[in-house]
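Q: Next up, target_30.pdb (PDB, C-alpha atoms and all ligand atoms).
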```pdb
ATOM      1  CA  MET L  21     -16.153   6.439  -2.704
ATOM      2  CA  SER L  22     -15.542   6.539   1.014
ATOM      3  CA  LYS L  23     -14.875   9.736   2.905
ATOM      4  CA  ILE L  24     -11.152  10.424   2.786
ATOM      5  CA  PRO L  25      -9.746  13.218   4.977
ATOM      6  CA  HIS L  26      -8.320  16.198   3.109
ATOM      7  CA  GLY L  27      -5.541  18.291   4.625
ATOM      8  CA  LEU L  28      -3.783  18.122   7.966
ATOM      9  CA  SER L  29      -6.646  19.241  10.200
ATOM     10  CA  GLN L  30      -9.010  16.571   8.796
ATOM     11  CA  ILE L  31      -6.238  13.974   9.003
ATOM     12  CA  LEU L  32      -5.709  14.782  12.681
ATOM     13  CA  ALA L  33      -9.478  14.836  13.345
ATOM     14  CA  THR L  34      -9.952  11.463  11.627
ATOM     15  CA  TYR L  35      -6.896   9.476  12.617
ATOM     16  CA  GLY L  36      -5.772  11.228  15.792
ATOM     17  CA  ASN L  37      -2.390  12.678  16.642
ATOM     18  CA  PRO L  38       0.496  10.188  16.676
ATOM     19  CA  THR L  39       2.884  12.760  18.149
ATOM     20  CA  LYS L  40       3.441  13.508  21.830
ATOM     21  CA  ASN L  41       6.449  15.460  23.110
ATOM     22  CA  ALA L  42       7.926  15.449  19.564
ATOM     23  CA  LYS L  43       7.940  11.634  19.491
ATOM     24  CA  LEU L  44       5.598   8.808  18.596
ATOM     25  CA  ASP L  45       2.917   8.496  21.274
ATOM     26  CA  PRO L  46       2.787   4.806  22.302
ATOM     27  CA  ALA L  47      -0.772   5.218  23.621
ATOM     28  CA  TRP L  48      -1.928   6.498  20.222
ATOM     29  CA  GLN L  49      -0.166   3.585  18.521
ATOM     30  CA  ARG L  50      -1.797   1.045  20.836
ATOM     31  CA  ASP L  51      -5.266   2.516  20.225
ATOM     32  CA  ASN L  52      -5.005   2.985  16.448
ATOM     33  CA  ILE L  53      -2.525   0.663  14.766
ATOM     34  CA  VAL L  54      -3.747  -2.851  13.949
ATOM     35  CA  MET L  55      -2.382  -5.811  12.009
ATOM     36  CA  VAL L  56      -3.800  -6.455   8.524
ATOM     37  CA  ASP L  57      -3.815 -10.021   7.199
ATOM     38  CA  LEU L  58      -2.541  -9.849   3.632
ATOM     39  CA  PRO L  59      -4.542 -11.743   0.985
ATOM     40  CA  TYR L  60      -1.250 -12.839  -0.596
ATOM     41  CA  ALA L  61       2.236 -13.176   0.825
ATOM     42  CA  MET L  62       4.657 -10.324   0.228
ATOM     43  CA  ARG L  63       8.423  -9.884   0.678
ATOM     44  CA  ALA L  64       9.878  -7.033   2.748
ATOM     45  CA  SER L  65      12.381  -4.861   0.924
ATOM     46  CA  TYR L  66      13.758  -3.300   4.119
ATOM     47  CA  THR L  67      14.197  -6.236   6.459
ATOM     48  CA  GLY L  68      14.789  -8.829   3.744
ATOM     49  CA  ALA L  69      12.072 -11.028   5.221
ATOM     50  CA  ASN L  70      11.043 -13.523   2.579
ATOM     51  CA  THR L  71       7.474 -13.826   3.698
ATOM     52  CA  VAL L  72       5.259 -11.082   5.071
ATOM     53  CA  ARG L  73       1.697 -12.103   5.882
ATOM     54  CA  LYS L  74       0.628  -9.272   8.190
ATOM     55  CA  ILE L  75       1.409  -5.565   8.116
ATOM     56  CA  GLN L  76       0.619  -2.680  10.450
ATOM     57  CA  PHE L  77      -1.989  -0.103   9.437
ATOM     58  CA  HIS L  78      -4.412   2.417  10.974
ATOM     59  CA  LYS L  79      -7.597   0.689  12.090
ATOM     60  CA  LEU L  80      -9.784   3.010   9.957
ATOM     61  CA  GLY L  81      -8.026   1.952   6.740
ATOM     62  CA  ALA L  82      -7.198  -1.660   7.533
ATOM     63  CA  GLN L  83     -10.279  -3.310   6.044
ATOM     64  CA  GLU L  84     -10.141  -1.143   2.921
ATOM     65  CA  LEU L  85      -6.468  -1.951   2.392
ATOM     66  CA  ARG L  86      -7.241  -5.648   2.627
ATOM     67  CA  GLU L  87     -10.033  -5.270   0.060
ATOM     68  CA  ILE L  88      -7.736  -3.372  -2.288
ATOM     69  CA  LEU L  89      -5.003  -6.008  -2.083
ATOM     70  CA  GLN L  90      -7.564  -8.760  -2.602
ATOM     71  CA  GLU L  91      -8.856  -6.919  -5.664
ATOM     72  CA  ILE L  92      -5.300  -6.620  -7.019
ATOM     73  CA  TYR L  93      -4.701 -10.330  -6.437
ATOM     74  CA  ASP L  94      -7.985 -11.292  -8.119
ATOM     75  CA  PHE L  95      -7.257  -9.037 -11.086
ATOM     76  CA  VAL L  96      -3.858 -10.632 -11.635
ATOM     77  CA  ARG L  97      -5.366 -14.091 -11.288
ATOM     78  CA  VAL L  98      -7.960 -13.406 -13.978
ATOM     79  CA  GLN L  99      -5.274 -11.848 -16.172
ATOM     80  CA  VAL L 100      -3.140 -14.993 -15.899
ATOM     81  CA  LYS L 101      -6.109 -17.242 -16.599
ATOM     82  CA  ARG L 102      -7.076 -15.256 -19.676
ATOM     83  CA  GLU L 103      -3.544 -15.401 -21.074
ATOM     84  CA  VAL L 104      -2.477 -18.890 -20.128
ATOM     85  CA  GLY L 105      -5.703 -20.769 -20.501
ATOM     86  CA  PHE L 106      -8.116 -22.694 -18.393
ATOM     87  CA  ASP L 107      -6.434 -26.079 -18.097
ATOM     88  CA  LEU L 108      -3.923 -25.196 -15.370
ATOM     89  CA  THR L 109      -3.705 -27.144 -12.138
ATOM     90  CA  THR L 110      -4.182 -25.084  -8.981
ATOM     91  CA  PRO L 111      -0.469 -25.171  -7.982
ATOM     92  CA  GLU L 112       0.565 -24.047 -11.477
ATOM     93  CA  TYR L 113      -2.040 -21.327 -11.397
ATOM     94  CA  ASP L 114      -0.928 -20.139  -7.941
ATOM     95  CA  ALA L 115       2.712 -20.088  -9.060
ATOM     96  CA  LEU L 116       1.967 -18.094 -12.227
ATOM     97  CA  THR L 117      -0.125 -15.610 -10.257
ATOM     98  CA  ALA L 118       2.703 -15.151  -7.743
ATOM     99  CA  ARG L 119       5.198 -14.688 -10.579
ATOM    100  CA  ARG L 120       3.039 -12.029 -12.219
ATOM    101  CA  LEU L 121       2.632 -10.155  -8.911
ATOM    102  CA  ARG L 122       6.414 -10.294  -8.626
ATOM    103  CA  GLU L 123       6.872  -8.816 -12.118
ATOM    104  CA  TYR L 124       4.693  -5.878 -11.106
ATOM    105  CA  GLY L 125       6.544  -5.506  -7.798
ATOM    106  CA  LEU L 126       3.185  -5.728  -6.045
ATOM    107  CA  ASP L 127       4.525  -8.426  -3.734
ATOM    108  CA  VAL L 128       7.395  -6.243  -2.496
ATOM    109  CA  PHE L 129       6.405  -4.542   0.748
ATOM    110  CA  SER L 130       8.410  -1.377   1.420
ATOM    111  CA  GLY L 131       6.638  -0.073   4.497
ATOM    112  CA  SER L 132       3.292   1.015   5.964
ATOM    113  CA  PHE L 133       3.262   2.328   9.535
ATOM    114  CA  VAL L 134       6.563   4.137  10.161
ATOM    115  CA  TYR L 135       6.801   7.243  12.324
ATOM    116  CA  ARG L 136       9.014   9.652  10.357
ATOM    117  CA  VAL L 137       9.207  12.966   8.526
ATOM    118  CA  MET L 138       8.899  13.182   4.727
ATOM    119  CA  ARG L 139      11.964  12.758   2.584
ATOM    120  CA  LEU L 140      11.583  16.133   0.846
ATOM    121  CA  SER L 141      10.309  18.268   3.709
ATOM    122  CA  SER L 142      10.058  18.519   7.486
ATOM    123  CA  LYS L 143       6.364  17.524   7.501
ATOM    124  CA  LEU L 144       5.338  14.325   9.214
ATOM    125  CA  SER L 145       5.006  11.555   6.615
ATOM    126  CA  THR L 146       1.550  10.023   6.196
ATOM    127  CA  HIS L 147       3.264   6.749   7.138
ATOM    128  CA  SER L 148       3.370   8.160  10.682
ATOM    129  CA  TRP L 149      -0.419   7.729  10.936
ATOM    130  CA  GLY L 150      -0.286   4.233   9.456
ATOM    131  CA  ILE L 151      -2.366   5.367   6.454
ATOM    132  CA  ALA L 152       0.173   4.768   3.664
ATOM    133  CA  ILE L 153       1.764   1.776   1.968
ATOM    134  CA  ASP L 154       4.786   1.545  -0.335
ATOM    135  CA  PHE L 155       5.442  -1.106  -2.992
ATOM    136  CA  ASP L 156       8.892  -2.010  -4.302
ATOM    137  CA  SER L 157      11.035   0.950  -3.275
ATOM    138  CA  TYR L 158      13.878  -0.349  -5.475
ATOM    139  CA  ARG L 159      12.055  -0.031  -8.769
ATOM    140  CA  ASN L 160       9.714   2.826  -7.786
ATOM    141  CA  GLY L 161      12.179   5.267  -6.246
ATOM    142  CA  LEU L 162      11.270   8.877  -5.482
ATOM    143  CA  GLY L 163      11.339  10.951  -8.689
ATOM    144  CA  ASN L 164      11.367   7.858 -10.898
ATOM    145  CA  HIS L 165       8.972   8.265 -13.851
ATOM    146  CA  HIS L 166       9.698   4.721 -15.071
ATOM    147  CA  HIS L 167       8.045   2.876 -12.240
ATOM    148  CA  CYS L 168       6.472  -0.589 -12.441
ATOM    149  CA  ILE L 169       3.099   0.079 -10.778
ATOM    150  CA  PRO L 170       0.315  -1.117 -13.131
ATOM    151  CA  MET L 171      -2.750   1.079 -13.626
ATOM    152  CA  PHE L 172      -5.208  -1.576 -12.428
ATOM    153  CA  ALA L 173      -3.505  -1.353  -9.013
ATOM    154  CA  VAL L 174      -3.711   2.452  -9.079
ATOM    155  CA  GLU L 175      -7.423   2.204  -9.884
ATOM    156  CA  ALA L 176      -8.074  -0.208  -7.011
ATOM    157  CA  PHE L 177      -6.778   2.467  -4.616
ATOM    158  CA  GLU L 178      -8.119   5.572  -6.365
ATOM    159  CA  LYS L 179     -11.691   4.358  -6.696
ATOM    160  CA  ARG L 180     -11.807   4.310  -2.881
ATOM    161  CA  GLY L 181     -10.481   7.857  -2.728
ATOM    162  CA  TRP L 182      -6.901   6.934  -1.869
ATOM    163  CA  VAL L 183      -4.124   9.046  -3.382
ATOM    164  CA  TRP L 184      -1.287   7.671  -5.502
ATOM    165  CA  GLY L 185       2.102   9.391  -5.225
ATOM    166  CA  GLY L 186       2.795   8.545  -8.865
ATOM    167  CA  ARG L 187       0.655  11.537  -9.884
ATOM    168  CA  TRP L 188       2.708  14.047  -7.904
ATOM    169  CA  LYS L 189       5.043  16.583  -9.510
ATOM    170  CA  THR L 190       7.976  14.682  -8.035
ATOM    171  CA  PRO L 191       6.494  11.216  -8.450
ATOM    172  CA  ASP L 192       6.541   8.812  -5.522
ATOM    173  CA  ALA L 193       5.097   5.875  -7.428
ATOM    174  CA  MET L 194       5.661   3.313  -4.673
ATOM    175  CA  HIS L 195       3.330   5.274  -2.374
ATOM    176  CA  PHE L 196      -0.445   5.092  -1.770
ATOM    177  CA  GLN L 197      -2.173   6.948   1.073
ATOM    178  CA  ARG L 198      -5.637   7.167   2.604
ATOM    179  CA  CYS L 199      -5.864  10.960   2.644
ATOM    180  CA  SER L 200      -5.545  13.841   0.198
ATOM    181  CA  GLY L 201      -4.256  17.402   0.216
ATOM    182  CA  TYR L 202      -1.198  16.510   2.253
TER     183      TYR L 202
HETATM  184 ZN    ZN L 301       5.322   6.042   1.132
END
```
When written as structure tokens, how does the structure in this file appear?
Ligand SMILES: [Zn+2]

A:
Amino acid sequence: MSKIPHGLSQILATYGNPTKNAKLDPAWQRDNIVMVDLPYAMRASYTGANTVRKIQFHKLGAQELREILQEIYDFVRVQVKREVGFDLTTPEYDALTARRLREYGLDVFSGSFVYRVMRLSSKLSTHSWGIAIDFDSYRNGLGNHHHCIPMFAVEAFEKRGWVWGGRWKTPDAMHFQRCSGY
């Protein structure tokens, strides 16, 4: 497991401070936020964009996020192959994999780097550092215990030390972050 910062002081020491004069610091953003190439295309729930191939993330978590999403994609692909059989053509196989990702809501992108305060407090959201990602905000709303996030996806994040909001007292199942204790 990689070293994941715990608590606000470690988060600030690791990822820097995105705030300057009570606003997002553009210099911090320029130095820390990078684009991550997604291993599979997603759809954006906020903008309605049909195809998202790159998302913004903190440079220290970008490679890990890509690995996690690749692992999720590969898991679903093997799952489809096991269930449907081994005589599929590649286009059929790709389409079934995409459909399964859609059923899980894992292809619905609901935000990564967004400078804002948390919905239930005045603390800065971990999205402000670009160290969090949300999946399918429609079906995994805050406080919803009947979310659609599968446990293999949770494990892909948690085995790298990331934290899943689905375990919180008020569950935020759409949410995964690369820090703990915050
Ligand atoms: Zn979130």

Q: Ranking L:Phe95, L:Phe129, L:Phe106, L:Tyr135 by minimum distance to Tyr158 (chain L) and counting all atoms listed in the file, which one comes first?

A: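 Smallest separation from Tyr158 (chain L) among the options: L:Phe129.
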
Q: Ligand ZN 301 (chain L): which residues are within 6 Å, counting only C-alpha atoms and all ligand atoms? Reply as a ChimeraX atom specification.

A: /L:152-154,195

Q: Can you give me, as JSON, numbers by chain, the residues this file yields under the PyMOL selection byres (((chain L and resi 140-148) around 9) and not hetatm)?

A: {"L": [38, 39, 44, 77, 131, 132, 133, 134, 135, 136, 137, 138, 139, 149, 150, 151, 152, 153, 197, 198, 199, 202]}

Q: Residue by residue, what does the PyMOL selection byres (((chain L and resi 114-128) around 7) and not hetatm) grab here? Present the result as an mmCIF file with C-alpha atoms, keeping the file's coordinate frame.

A:
```
data_model
loop_
_atom_site.group_PDB
_atom_site.id
_atom_site.type_symbol
_atom_site.label_atom_id
_atom_site.label_comp_id
_atom_site.auth_asym_id
_atom_site.auth_seq_id
_atom_site.Cartn_x
_atom_site.Cartn_y
_atom_site.Cartn_z
ATOM 1 C CA ALA L 61 2.236 -13.176 0.825
ATOM 2 C CA MET L 62 4.657 -10.324 0.228
ATOM 3 C CA ARG L 63 8.423 -9.884 0.678
ATOM 4 C CA ALA L 64 9.878 -7.033 2.748
ATOM 5 C CA SER L 65 12.381 -4.861 0.924
ATOM 6 C CA VAL L 96 -3.858 -10.632 -11.635
ATOM 7 C CA ARG L 97 -5.366 -14.091 -11.288
ATOM 8 C CA VAL L 100 -3.140 -14.993 -15.899
ATOM 9 C CA THR L 110 -4.182 -25.084 -8.981
ATOM 10 C CA PRO L 111 -0.469 -25.171 -7.982
ATOM 11 C CA GLU L 112 0.565 -24.047 -11.477
ATOM 12 C CA TYR L 113 -2.040 -21.327 -11.397
ATOM 13 C CA PHE L 129 6.405 -4.542 0.748
ATOM 14 C CA SER L 130 8.410 -1.377 1.420
ATOM 15 C CA PHE L 155 5.442 -1.106 -2.992
ATOM 16 C CA ASP L 156 8.892 -2.010 -4.302
ATOM 17 C CA CYS L 168 6.472 -0.589 -12.441
ATOM 18 C CA ILE L 169 3.099 0.079 -10.778
ATOM 19 C CA PRO L 170 0.315 -1.117 -13.131
#
```

Q: So the first atom is CA of Ile92 (chain L) and the second is CA of His166 (chain L); what is the distance between them in Å, to one decimal place?

A: 20.5 Å
